[in-house]
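Have a look at the structure below, then the notes.
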Amino acid sequence: MIELNFSNMMEEVIGVRGLSKRILEDFQGKVIDVHGQIRDRLWPELAFIDLPSQDTSEIKKIAQEVREESENFLILGIGGSALGPKALLEALSPFHNFTKSPKVFIYDNVDPRTLKHILSLIDLKKTSVNVISKSGSTAETAASFMILWDGMRELLKRRFSKRFIATTDPEKGNLRTIVGREGLKSLPIPRGVVGRYSVLSPVGLLLAEVIGIDSDELLIGAKDIQKRCSNSELWKNPIYLFGTLLYLMDKKEGRTINVMVAYADGLKPLSEWFCQLWAESLGKQEVGLTPYPSVGVTDQHSQLQLWIEGPQDKVVIFIRTNDYGVDIKIPNVFKDMEGLSYLSGHTLSELMKAEEEATEIALAKAGRPNITITVPKIDAYHMGQLFHFFELSTAFTGFLYEINPFNQPGVEEGKNLTYGMMGKKGFEKKRKEVEEYRKKRSRWRV
Ligand code: PA5
């Protein structure tokens with residue numbers, strides 16, 4: 001089971017900038033109120049909580065077909081439709097494309113150079129494409145899907161559509177219409193489940209199965225953390241504690257930046273996934289917490305100086321693991337050089353763990369709050385726990401801020417202006433706005 005250690009958030013350990021036991025105890029009433037909203041599923045978007053009980057047989061069947069038919073598996077999607085799959089791939093099958101098949105490519109950003117490179121590396125005749133979009137209308141995903149559709153049709157002629165899988169809304173949207181019209185294979189993202197809370201739906205599970213990871217293990221992990229965290233008592237619920245501590249550090253200490261530093265290369269995309277979840281869910285109505293992804297030990301030589309002596313506006317969240325699954329001993333060479341020989345006989349994982357702990361202590365000594373989440377092992381079971389832990393914490397924290405943690409109204413305007421520029425019907429006014437804006441913008445240049 002993952003463990004949350006929040007000693008370095010408490011005033012008893014880090015001094016006056018920490019939180020007191022009393023403040024947390026006084027907060028219990030609010031926690032019970034939010035717990036009620038979650039328990040009674042007052043928001044339809046809490047549907048993600050039920051994902052651990054889903055039936056995975058159709059996902060497994062499609063994954064088996066992909067494995068048999070294809071050398072490459074190309075995912076098209078963006079935001080919640082890409083970051084979860086990326087986090088899974090890197091954590092559970094690092095350097096995948098060097099050693100395993102089918103090779104996996106996740107194309108999210110619509111950078112033409114990236115797509116050109118991907119297309120130069122893969123044989124489309126031996127590729128399965130999974131287009132993921134809950135709404136079915138996201139411009140970036142639609143554009144890449146249209147390119148791949150045309151390219152595969154050209155190349156494969158008959159039956160080319162059999163190489164596409166659409167992971168989308170069960171009932172509506174452009175992709176669902178195409179599924180019906182063209183007979184594509186499809187997997188549903190259950191109603192109510194929002195993109196950034198969807199990694200444990202077919203969005204992440206199909207990829208898991210394609211790369212040989214048992215999706216049920218992910219779901220069992222999620223189920224177990226949910227059971228452990230179903231208690232309304234703050235002290236007994238790590239999910240509620242995580243949200244409460246970060247919320248109170250904002251309200252009491254003005255710490256609005258949350259650095260997530262994962263001490264494993266394979267978990268860096270997990271912290272990027274967390275950043276989307278935290279930012280898009282909580283940042284609205286002029287509140288929110290700014291997440292920032294990081295990786296240890298690398299960023300000790302890049303960011304740590306700022307965290308220890310910079311502005312008092314951050315909480316650092318460490319993710320550490322007890323077991324890297326492998327280890328490498330540092331050999332006994334250069335025995336006569338004290339500056340190097342102290343390392344001999346130790347292992348790389350010992351060094352990683354020592355550096356992580358040293359950083360926690362250094363921050364605590366400087367009165368800088370930090371939390372540590374320990375993952376016993378980086379495997380499917382514990383990844384399921386991590387995903388579900390952060391999703392539940394995010395919803396809980398959103399309710400503490402009394403905002404809707406499931407929408408993203410702030411990104412709509414940019415989308416509408418893009419539609420205007422790209423000539424979408426109904427967005428002519430937006431195009432005019434852009435033209436006006438361009439006039440203003442042309443004045444202040446050097
Ligand atoms: O969390 C969200 O809802 C968003 O980040 C979406 O995942 C993102 O905008 C992509 O949306 P869609 O899956 O509808 O293409």
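Ordered as shown in the structure tokens, chains take letters A, B, and onward, while each chain numbers its residues from 1 and ligands are numbered from 1 in the order shown.
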- Message: Show me which residues are within 8 Å of ligand 1 counting only C-alpha atoms and all ligand atoms, and format the list as a ChimeraX atom specification.
- Response: /A:77-82,132-139,141,168,194-197,276-277,280-281,406-408
- Task: Give the alpha helix (DSSP H) residues of region 40-113 of chain A, as DSSP finds them on the backbone, and put them as a PyMOL selection string.
- Result: chain A and resi 57-69+80-92+96-99+112-113
- Task: Kindly indicate which residue among A:Lys314, A:Lys223, A:Lys236, A:Lys284 lies nearest to Val259 (chain A), using only C-alpha atoms for the distances.
- Result: A:Lys314
- If you count only C-alpha atoms, which residues fall within 12 Å of Phe387 (chain A), apart from same-chain ones fewer than 4 positions away, as a ChimeraX atom specification? /A:2,48-49,51-52,83-85,87-88,91,196-201,204,218-223,225-226,239,267,269-271,273-274,277,375,380-383,391-394
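For region 232-411 of chain A, backbone-based DSSP labels the following residues as strand (DSSP E): Ile257, Asn258, Val259, Met260, Val261, Ala262, Thr290, Pro291, Tyr292, Pro293, Ser294, Val295, Lys314, Val315, Val316, Ile317, Phe318, Ile319, Arg320, Thr321, Asn370, Ile371, Thr372, Ile373, Thr374 and Val375 of chain A.
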Can I get the selection written as a short mmCIF file (atom, residue, chain, number, x, y, z; two decimals), in the first residue's frame, with N, CA, C and O atoms?
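Ended up saving to part.cif:
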```cif
data_model
loop_
_atom_site.label_atom_id
_atom_site.label_comp_id
_atom_site.auth_asym_id
_atom_site.auth_seq_id
_atom_site.Cartn_x
_atom_site.Cartn_y
_atom_site.Cartn_z
N ILE A 257 2.17 26.96 -4.61
CA ILE A 257 2.87 26.16 -5.63
C ILE A 257 3.17 24.78 -5.06
O ILE A 257 3.71 24.66 -3.95
N ASN A 258 2.79 23.75 -5.78
CA ASN A 258 3.03 22.38 -5.33
C ASN A 258 3.97 21.70 -6.32
O ASN A 258 3.59 21.39 -7.45
N VAL A 259 5.19 21.48 -5.85
CA VAL A 259 6.18 20.81 -6.71
C VAL A 259 6.03 19.31 -6.51
O VAL A 259 6.07 18.85 -5.37
N MET A 260 5.86 18.57 -7.57
CA MET A 260 5.85 17.11 -7.41
C MET A 260 7.15 16.55 -7.96
O MET A 260 7.41 16.63 -9.16
N VAL A 261 7.97 16.03 -7.06
CA VAL A 261 9.26 15.52 -7.49
C VAL A 261 9.31 14.01 -7.28
O VAL A 261 9.23 13.51 -6.15
N ALA A 262 9.36 13.30 -8.41
CA ALA A 262 9.35 11.84 -8.37
C ALA A 262 10.78 11.34 -8.47
O ALA A 262 11.51 11.71 -9.40
N THR A 290 -0.82 25.80 -8.00
CA THR A 290 -0.03 25.65 -9.22
C THR A 290 0.92 24.47 -9.08
O THR A 290 1.82 24.50 -8.25
N PRO A 291 0.69 23.41 -9.87
CA PRO A 291 1.59 22.27 -9.77
C PRO A 291 2.80 22.45 -10.67
O PRO A 291 2.74 23.17 -11.67
N TYR A 292 3.87 21.80 -10.29
CA TYR A 292 5.04 21.88 -11.17
C TYR A 292 5.80 20.57 -11.12
O TYR A 292 6.09 20.06 -10.06
N PRO A 293 6.00 19.96 -12.29
CA PRO A 293 6.56 18.61 -12.33
C PRO A 293 8.08 18.62 -12.24
O PRO A 293 8.74 19.53 -12.76
N SER A 294 8.58 17.61 -11.58
CA SER A 294 10.02 17.59 -11.37
C SER A 294 10.48 16.15 -11.21
O SER A 294 9.66 15.26 -10.97
N VAL A 295 11.78 15.93 -11.34
CA VAL A 295 12.29 14.58 -11.16
C VAL A 295 13.57 14.61 -10.32
O VAL A 295 14.44 15.46 -10.48
N LYS A 314 6.02 27.51 -1.73
CA LYS A 314 5.90 26.13 -2.26
C LYS A 314 5.72 25.08 -1.18
O LYS A 314 6.17 25.26 -0.04
N VAL A 315 5.11 23.98 -1.61
CA VAL A 315 5.16 22.73 -0.83
C VAL A 315 5.74 21.70 -1.80
O VAL A 315 5.32 21.63 -2.95
N VAL A 316 6.71 20.93 -1.32
CA VAL A 316 7.31 19.91 -2.19
C VAL A 316 6.68 18.55 -1.86
O VAL A 316 6.59 18.17 -0.69
N ILE A 317 6.25 17.86 -2.91
CA ILE A 317 5.67 16.52 -2.73
C ILE A 317 6.66 15.52 -3.30
O ILE A 317 6.93 15.52 -4.50
N PHE A 318 7.22 14.72 -2.44
CA PHE A 318 8.17 13.70 -2.90
C PHE A 318 7.42 12.40 -3.21
O PHE A 318 6.53 12.01 -2.46
N ILE A 319 7.81 11.76 -4.30
CA ILE A 319 7.34 10.39 -4.53
C ILE A 319 8.59 9.52 -4.51
O ILE A 319 9.52 9.74 -5.31
N ARG A 320 8.65 8.62 -3.57
CA ARG A 320 9.82 7.74 -3.53
C ARG A 320 9.38 6.29 -3.60
O ARG A 320 8.24 5.95 -3.28
N THR A 321 10.29 5.44 -4.04
CA THR A 321 9.95 4.02 -4.08
C THR A 321 10.95 3.25 -3.23
O THR A 321 12.12 3.63 -3.12
N ASN A 370 7.11 19.84 3.32
CA ASN A 370 7.13 18.82 2.27
C ASN A 370 6.40 17.57 2.74
O ASN A 370 6.30 17.31 3.93
N ILE A 371 5.92 16.82 1.77
CA ILE A 371 5.16 15.58 2.03
C ILE A 371 5.85 14.46 1.26
O ILE A 371 6.33 14.71 0.14
N THR A 372 5.85 13.25 1.81
CA THR A 372 6.43 12.14 1.03
C THR A 372 5.39 11.04 0.84
O THR A 372 4.76 10.60 1.79
N ILE A 373 5.28 10.63 -0.42
CA ILE A 373 4.44 9.46 -0.72
C ILE A 373 5.39 8.33 -1.10
O ILE A 373 6.20 8.47 -2.02
N THR A 374 5.32 7.25 -0.34
CA THR A 374 6.20 6.12 -0.63
C THR A 374 5.43 5.03 -1.36
O THR A 374 4.36 4.62 -0.93
N VAL A 375 6.01 4.60 -2.48
CA VAL A 375 5.41 3.53 -3.28
C VAL A 375 6.28 2.30 -3.07
O VAL A 375 7.47 2.34 -3.40
#
```
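Of the listed residues A:Gly310, A:Gly212, A:Gly183, A:Pro188, the one whose atoms come nearest to Ser101 (chain A) is A:Gly212, with distances taken using only C-alpha atoms.
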- Message: Need the shell around Phe427 (chain A): protein/DNA/RNA residues with any atom at most 7 Å away, counting only C-alpha atoms. Skip same-chain ones fewer than 6 positions apart. Format as an NGL selection string?
- Response: :A and (416 or 419-420)
Would you put the residues from that selection into a file with C-alpha atoms, as a compact mmCIF listing (two decimals), in the first residue's frame?
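Output contents, as saved in selection-v2.txt:
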```txt
# COMPACT_ATOMS: atom_id res chain seq x y z
CA ASN A 416 -13.44 29.29 -29.91
CA TYR A 419 -12.31 27.63 -34.49
CA GLY A 420 -12.81 31.14 -35.84
```
- Message: Neighbouring residues of Leu19 (chain A) were defined as those with any atom within 7 Å, considering only C-alpha atoms; residues of the same chain fewer than 2 positions away were excluded. Please report them as a VMD selection string.
- Response: chain A and resid 9 to 11 17 21 23
Output of the above residues as a CSV table (one decimal), in the first residue's frame, restricted to N, CA and C atoms:
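Contents of selection00.csv, as written:
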```csv
chain,number,residue,atom,x,y,z
A,9,MET,N,5.2,18.6,7.3
A,9,MET,CA,4.2,19.7,7.2
A,9,MET,C,3.8,20.3,8.5
A,10,MET,N,4.3,19.6,9.6
A,10,MET,CA,3.8,19.9,10.9
A,10,MET,C,4.7,20.9,11.7
A,11,GLU,N,4.2,21.8,12.4
A,11,GLU,CA,5.0,22.8,13.1
A,11,GLU,C,6.0,22.1,14.1
A,17,ARG,N,6.4,27.7,10.5
A,17,ARG,CA,5.7,27.7,9.1
A,17,ARG,C,4.9,26.3,8.9
A,21,LYS,N,-1.5,20.5,15.0
A,21,LYS,CA,-2.5,19.4,15.1
A,21,LYS,C,-3.9,19.9,15.3
A,23,ILE,N,-5.1,22.8,14.2
A,23,ILE,CA,-5.7,23.3,12.9
A,23,ILE,C,-6.4,22.2,12.1
```
